[in-house]
$ cat run30.txt   # compact mmCIF, C-alpha atoms
# COMPACT_ATOMS: atom_id res chain seq x y z
CA MET A 1440 107.21 97.61 81.15
CA GLU A 1441 107.47 93.84 81.33
CA ASN A 1442 104.63 92.12 83.18
CA ARG A 1443 105.64 90.59 86.50
CA TYR A 1444 104.39 87.16 87.51
CA PHE A 1445 105.42 85.67 90.85
CA THR A 1446 104.90 81.97 91.50
CA SER A 1447 106.60 78.62 90.90
CA ASP A 1448 106.62 76.86 87.53
CA GLU A 1449 104.59 74.02 88.99
CA ILE A 1450 101.81 76.29 90.20
CA GLN A 1451 101.96 78.43 87.07
CA ILE A 1452 100.04 75.84 85.02
CA ARG A 1453 97.56 75.18 87.81
CA ASN A 1454 96.51 78.65 88.91
CA ARG A 1455 92.79 79.22 89.29
CA ALA A 1456 92.89 82.69 87.73
CA PHE A 1457 93.52 81.09 84.35
CA LEU A 1458 91.20 78.15 84.88
CA LEU A 1459 88.29 79.74 86.74
CA GLY A 1460 88.83 83.47 87.06
CA ASP A 1461 89.52 82.98 90.78
CA THR A 1462 91.28 86.30 91.31
CA VAL A 1463 90.86 89.81 92.69
CA LYS A 1464 92.31 93.01 91.29
CA VAL A 1465 93.16 96.42 92.72
CA SER A 1466 95.19 99.35 91.49
CA PHE A 1467 98.00 101.26 93.15
CA PHE A 1468 99.07 104.71 92.00
CA ILE A 1469 102.46 106.31 91.33
CA ARG A 1470 102.73 110.07 91.06
CA ASN A 1471 105.97 112.02 90.82
CA ALA A 1472 107.95 108.84 91.58
CA ALA A 1473 106.06 108.19 94.82
CA LEU A 1474 103.16 105.99 95.86
CA ILE A 1475 99.98 107.89 96.67
CA MET A 1476 96.83 106.62 98.39
CA ASP A 1477 98.76 103.43 99.05
CA GLU A 1478 97.13 102.80 102.43
CA GLU A 1479 93.61 103.05 100.98
CA CYS A 1480 94.54 100.76 98.07
CA TYR A 1481 96.14 98.24 100.42
CA PHE A 1482 93.09 98.00 102.68
CA PHE A 1483 90.88 97.61 99.60
CA LEU A 1484 93.07 94.69 98.50
CA MET A 1485 92.79 93.06 101.92
CA ALA A 1486 89.01 93.54 101.98
CA SER A 1487 88.68 92.10 98.46
CA MET A 1488 90.71 89.02 99.38
CA ARG A 1489 88.64 88.47 102.51
CA LYS A 1490 85.40 88.70 100.52
CA MET A 1491 86.72 86.02 98.15
CA ARG A 1492 87.78 83.87 101.15
CA MET A 1493 91.42 83.95 100.09
CA ASN A 1494 94.23 82.84 102.38
CA ILE A 1495 96.07 86.12 103.04
CA PRO A 1496 99.80 85.54 103.61
CA LEU A 1497 101.33 87.06 106.73
CA SER A 1498 103.87 88.75 104.46
CA TYR A 1499 101.13 90.82 102.77
CA THR A 1500 101.67 93.94 104.86
CA LEU A 1501 101.45 97.52 103.70
CA GLU A 1502 105.21 97.81 104.12
CA PHE A 1503 105.72 94.76 101.88
CA PHE A 1504 103.84 96.34 98.98
CA GLN A 1505 105.41 99.75 99.52
CA SER A 1506 108.87 98.20 99.37
CA LEU A 1507 108.00 95.99 96.39
CA PHE A 1508 106.64 98.80 94.24
CA ARG A 1509 109.35 101.29 95.15
CA LYS A 1510 112.13 98.82 94.37
CA GLU A 1511 110.72 96.99 91.34
CA ILE A 1512 108.81 99.78 89.63
CA ILE A 1513 109.96 103.23 90.74
CA GLU A 1514 113.68 102.50 91.20
CA ASP A 1515 114.42 99.61 88.84
CA GLU A 1516 112.00 100.54 86.03
CA GLY A 1517 112.16 104.29 86.50
CA ILE A 1518 108.39 104.78 86.42
CA VAL A 1519 107.52 108.33 87.49
CA ASN A 1520 103.76 108.37 86.90
CA GLY A 1521 101.60 105.32 86.43
CA ILE A 1522 98.92 102.90 87.56
CA ILE A 1523 99.90 99.49 88.94
CA ASN A 1524 97.16 97.00 88.13
CA PHE A 1525 97.74 94.34 90.74
CA GLN A 1526 96.13 90.91 90.74
CA VAL A 1527 96.10 88.18 93.40
CA PHE A 1528 94.94 84.71 92.42
CA ARG A 1529 94.35 81.45 94.22
CA ASN A 1530 96.52 78.42 93.46
CA ARG A 1531 95.39 74.79 93.31
CA ASP A 1532 97.56 73.36 96.07
CA ALA A 1533 95.11 72.47 98.87
CA ASP A 1534 91.96 70.36 99.14
CA ILE A 1535 90.19 73.18 100.95
CA LEU A 1536 90.12 76.25 98.72
CA SER A 1537 90.31 78.75 101.56
CA LYS A 1538 93.59 77.10 102.62
CA SER A 1539 95.20 77.30 99.17
CA SER A 1540 98.18 79.57 98.70
CA VAL A 1541 97.99 82.68 96.56
CA SER A 1542 100.30 84.25 94.00
CA TYR A 1543 100.32 87.66 92.40
CA PHE A 1544 100.79 89.30 89.04
CA TYR A 1545 101.01 92.96 88.12
CA GLU A 1546 101.51 95.25 85.18
CA VAL A 1547 102.11 98.99 85.02
CA LYS A 1548 100.36 101.51 82.81
CA GLU A 1549 102.36 104.71 82.45
CA ILE A 1550 100.16 107.80 82.58
CA ALA A 1551 100.89 111.53 82.65
CA ASP A 1552 99.12 112.10 85.97
CA VAL A 1553 96.56 109.77 87.51
CA MET A 1554 94.87 112.77 89.16
CA SER A 1555 94.33 114.71 85.92
CA VAL A 1556 91.49 114.33 83.44
CA HIS A 1557 92.52 112.84 80.10
CA GLU A 1558 92.38 115.32 77.24
CA ARG A 1559 89.94 113.48 74.99
CA PRO A 1560 86.32 113.24 76.20
CA LEU A 1561 84.72 109.81 75.90
CA GLU A 1562 81.63 108.69 74.05
CA LEU A 1563 79.46 106.21 75.93
CA ASP A 1564 76.16 104.44 75.47
CA MET A 1565 73.97 102.18 77.55
CA ILE A 1566 73.49 98.50 77.03
CA LYS A 1567 70.30 96.77 78.13
CA GLU A 1568 70.69 93.14 77.07
CA ILE A 1569 73.02 92.44 80.01
CA ASN A 1570 73.21 93.84 83.53
CA VAL A 1571 75.48 93.62 86.56
CA ASN A 1572 74.55 92.35 89.99
CA ASN A 1573 74.44 94.46 93.14
CA ASN A 1574 75.55 91.98 95.79
CA LEU A 1575 78.58 91.68 98.08
CA LEU A 1576 80.98 90.82 95.26
CA SER A 1577 79.72 93.43 92.78
CA ASN A 1578 81.77 96.19 94.39
CA ILE A 1579 85.18 94.53 94.03
CA ARG A 1580 87.13 93.86 90.87
CA VAL A 1581 86.68 90.18 90.20
CA HIS A 1582 86.14 88.22 86.99
CA SER A 1583 83.17 89.75 85.16
CA PRO A 1584 81.96 88.39 81.80
CA GLU A 1585 79.74 91.49 81.64
CA ASN A 1586 82.86 93.64 81.40
CA ILE A 1587 84.24 91.52 78.57
CA TYR A 1588 80.98 91.60 76.64
CA GLY A 1589 80.64 95.33 77.24
CA GLU A 1590 84.19 96.08 76.08
CA ILE A 1591 83.63 94.16 72.84
CA TYR A 1592 80.25 95.84 72.30
CA ALA A 1593 81.85 99.25 72.74
CA GLN A 1594 84.63 98.46 70.25
CA GLU A 1595 82.21 97.13 67.66
CA ASN A 1596 80.05 100.26 67.94
CA ASP A 1597 82.90 102.81 67.93
CA LEU A 1598 82.36 103.72 71.58
CA ASP A 1599 84.89 104.27 74.33
CA ASP A 1600 82.91 102.42 77.01
CA ILE A 1601 79.37 101.44 77.92
CA ILE A 1602 77.16 102.10 80.92
CA LEU A 1603 76.02 98.98 82.74
CA LEU A 1604 72.69 98.85 84.54
CA ASN A 1605 71.71 96.68 87.49
CA PRO A 1606 68.69 94.31 87.50
CA ASN A 1607 66.49 97.26 88.54
CA LYS A 1608 67.48 99.12 85.36
CA ARG A 1609 69.40 101.74 87.31
CA ILE A 1610 72.94 102.90 86.60
CA ALA A 1611 75.63 100.80 88.27
CA ARG A 1612 78.95 101.63 86.56
CA THR A 1613 80.84 101.27 83.28
CA THR A 1614 83.05 98.31 82.37
CA CYS A 1615 86.08 99.97 83.97
CA GLY A 1616 84.91 102.47 86.55
CA ASN A 1617 82.34 104.70 88.22
CA LEU A 1618 80.37 107.67 86.95
CA LEU A 1619 79.86 111.02 88.69
CA PHE A 1620 77.01 113.27 87.52
CA LEU A 1621 77.24 117.04 88.05
CA GLU A 1622 74.02 119.04 88.29
CA GLY A 1623 74.42 122.57 89.65
CA ASP A 1624 76.45 122.26 92.85
CA VAL A 1625 75.44 118.64 93.36
CA ILE A 1626 77.53 115.63 92.33
CA LYS A 1627 75.46 112.47 92.21
CA VAL A 1628 77.26 109.15 92.61
CA PRO A 1629 75.57 105.74 92.19
CA LYS A 1630 75.42 103.88 95.49
CA GLN A 1631 77.63 100.84 95.99
CA THR A 1632 74.44 98.90 96.68
CA GLU A 1633 73.50 99.66 93.06
CA GLY A 1634 76.55 97.75 91.76
CA ALA A 1635 79.14 100.52 91.66
CA TYR A 1636 82.78 99.65 92.28
CA ILE A 1637 84.59 100.50 95.48
CA SER A 1638 87.21 102.95 94.23
CA PRO A 1639 90.00 104.39 96.40
CA LEU A 1640 90.72 106.94 93.65
CA MET A 1641 87.13 108.19 93.49
CA GLU A 1642 86.68 108.14 97.25
CA ASN A 1643 89.79 110.29 97.71
CA PHE A 1644 88.46 112.78 95.14
CA VAL A 1645 84.93 113.11 96.54
CA THR A 1646 86.26 113.26 100.13
CA PHE A 1647 88.45 116.19 99.11
CA LEU A 1648 85.47 117.97 97.51
CA HIS A 1649 83.30 117.37 100.57
CA LYS A 1650 85.91 118.51 103.13
CA ASN A 1651 86.60 121.69 101.20
CA ASN A 1652 82.92 122.47 100.53
CA LEU A 1653 83.50 122.46 96.78
CA ALA A 1654 80.43 120.36 95.97
CA ASP A 1655 77.48 118.63 97.56
CA ILE A 1656 78.22 114.90 97.21
CA GLN A 1657 75.11 112.72 97.15
CA GLU A 1658 74.80 108.97 96.73
CA HIS A 1659 71.78 108.16 94.61
CA GLU A 1660 69.79 105.49 92.87
CA ILE A 1661 70.03 106.82 89.32
CA ILE A 1662 67.69 105.69 86.58
CA ALA A 1663 69.10 105.52 83.09
CA PHE A 1664 67.27 108.61 81.82
CA GLU A 1665 68.82 110.80 84.54
CA SER A 1666 72.19 110.62 82.82
CA GLN A 1667 70.73 112.89 80.13
CA LYS A 1668 69.94 115.58 82.73
CA ALA A 1669 73.53 116.01 83.92
CA GLU A 1670 75.56 119.08 82.95
CA GLU A 1671 78.86 117.19 83.15
CA ILE A 1672 79.82 113.55 83.72
CA LEU A 1673 83.13 112.22 85.01
CA LEU A 1674 84.35 108.63 84.68
CA VAL A 1675 86.79 107.56 87.40
CA SER A 1676 88.59 104.31 86.71
CA ASP A 1677 91.19 102.95 89.12
CA GLU A 1678 92.71 100.88 86.33
CA LYS A 1679 92.75 103.51 83.56
CA GLY A 1680 92.51 106.99 85.08
CA ILE A 1681 90.02 109.87 84.97
CA PHE A 1682 88.00 110.88 81.92
CA SER A 1683 85.31 113.40 81.09
CA VAL A 1684 82.28 112.04 79.23
CA GLY A 1685 81.57 114.12 76.15
CA LYS A 1686 78.63 112.28 74.65
CA ILE A 1687 75.95 109.70 75.46
CA ARG A 1688 73.81 108.97 72.41
CA ASN A 1689 72.66 112.38 71.09
CA ARG A 1690 73.37 114.30 74.29
CA THR A 1691 76.68 116.14 74.70
CA PHE A 1692 78.22 117.30 77.97
CA GLY A 1693 80.66 119.98 79.08
CA ASN A 1694 83.80 119.34 81.14
CA ILE A 1695 84.97 122.73 82.46
CA ARG A 1696 83.79 122.45 86.06
CA PHE A 1697 84.96 118.89 86.64
CA ARG A 1698 88.35 119.86 85.22
CA GLU A 1699 88.51 122.77 87.66
CA LEU A 1700 87.58 120.52 90.58
CA THR A 1701 90.12 117.82 89.67
CA GLU A 1702 92.80 120.50 89.25
CA LYS A 1703 92.16 121.74 92.78
CA TRP A 1704 92.32 118.15 94.03
CA ARG A 1705 95.54 117.51 92.13
CA SER A 1706 97.13 120.70 93.45
CA SER A 1707 96.40 119.63 97.02
CA PHE A 1708 98.92 116.78 96.59
CA LEU A 1709 101.77 119.05 95.51
$ encode --input "run30.txt" --output "structure tokens"
Amino acid sequence: MENRYFTSDEIQIRNRAFLLGDTVKVSFFIRNAALIMDEECYFFLMASMRKMRMNIPLSYTLEFFQSLFRKEIIEDEGIVNGIINFQVFRNRDADILSKSSVSYFYEVKEIADVMSVHERPLELDMIKEINVNNNLLSNIRVHSPENIYGEIYAQENDLDDIILLNPNKRIARTTCGNLLFLEGDVIKVPKQTEGAYISPLMENFVTFLHKNNLADIQEHEIIAFESQKAEEILLVSDEKGIFSVGKIRNRTFGNIRFRELTEKWRSSFL
């Protein structure tokens, strides 16, 4: 699908996303030609913009985005299943940055089912020469040179992604999403205070598991070595989808139970 960019030609060459990375990103999800979790994604967008002190237009209502995506993507483009990676950036049209207008850009990644685990397990590794912060802005998707470095490192070492640690050498996230560690009936999730992303997709999944007593969900501070103790590991990425982790260094992991849990979650939306 063609990328969509909404702004004026004059502002197009002066936007702060290009110049300074002054932008926030969220994902919206299409499943069976309908938006799902749209309210959660919308409120995450609003929270992200507020954290970055962006001037939120009065037109940015939930109904505005619902109408936009249904018309432009589902109806006009015929997208049945996909992830909308949506980006809002600040323009350079006011002396006070918080008063500047904003524009938006989005692209759509077609995917078989955002609630299903991809067929191919991923191979990950940890990287120690860089780390990610664990402050107010670490939980939202903003410009991150650590992600860029990590993506290149993974490509150069024939990996699918890398695990990023925080300054305390504990697991924060990967370059694109969050990790869930299954041990027995317990699913351990790194705390947001550790540098994990806020993820509407993951939160919907773990809330479903908790409400239906399918697993004991626990937020933890997870040291790097603990990843080797897990029976299964799931990577949940709002921008790419859901993946099982098959290998970290010399340790391999199963994926049967997480696949069963995600299938039950997926079926609940039918």
$ residues_around --input "run30.txt" --residues "segment 1597-1610 of chain A" --least-positions-apart "2" --cutoff "7 Å" --atoms "all atoms listed in the file" --output "VMD selection string"
chain A and resid 1561 to 1566 1570 to 1573 1589 to 1590 1593 to 1595 1612 to 1614 1629 1633 to 1634 1660 to 1663
$ residues_around --input "run30.txt" --residues "Ile1695 of chain A" --least-positions-apart "6" --cutoff "12 Å" --atoms "only C-alpha atoms" --output "list in words"
Val1556, Glu1558, Pro1560, Leu1621, Glu1670, Glu1671, Ile1672, Leu1673, Ser1683, Val1684, Gly1685, Thr1701 and Glu1702 of chain A
$ closest_residue --input "run30.txt" --among "A:Arg1559, A:Lys1538, A:His1659, A:Lys1464" --to "Ser1487 of chain A" --atoms "only C-alpha atoms"
A:Lys1464
$ residues_around --input "run30.txt" --residues "segment 1503-1516 of chain A" --least-positions-apart "6" --cutoff "9 Å" --atoms "all atoms listed in the file" --output "list in words"
Met1440, Ile1469, Ala1472, Ala1473, Leu1474, Asp1477, Tyr1481, Ile1523 and Val1547 of chain A
$ closest_residue --input "run30.txt" --among "A:Asn1530, A:Ser1466, A:Ser1537, A:Ser1707" --to "Arg1489 of chain A" --atoms "only C-alpha atoms"
A:Ser1537
$ closest_residue --input "run30.txt" --among "A:Arg1688, A:Lys1490, A:His1557, A:His1582" --to "Gln1526 of chain A" --atoms "only C-alpha atoms"
A:His1582
$ atom_distance --input "run30.txt" --atom1 "atom CA of Lys1703 of chain A" --atom2 "atom CA of Val1645 of chain A"
11.9 Å
$ residues_around --input "run30.txt" --residues "Phe1525 of chain A" --least-positions-apart "6" --cutoff "12 Å" --atoms "only C-alpha atoms" --output "VMD selection string"
chain A and resid 1442 to 1445 1462 to 1468 1480 to 1481 1483 to 1484 1504 1507 to 1508 1542 to 1548 1580 to 1581 1677 to 1678
$ closest_residue --input "run30.txt" --among "A:Glu1665, A:Ala1654, A:Leu1458, A:Leu1576" --to "Tyr1636 of chain A" --atoms "all atoms listed in the file"
A:Leu1576
$ atom_distance --input "run30.txt" --atom1 "atom CA of Glu1658 of chain A" --atom2 "atom CA of Asn1694 of chain A"
20.8 Å
$ atom_distance --input "run30.txt" --atom1 "atom CA of Phe1482 of chain A" --atom2 "atom CA of Val1675 of chain A"
19.1 Å
$ closest_residue --input "run30.txt" --among "A:Leu1619, A:Ile1535, A:Ile1518, A:Val1541" --to "Asn1494 of chain A" --atoms "all atoms listed in the file"
A:Val1541
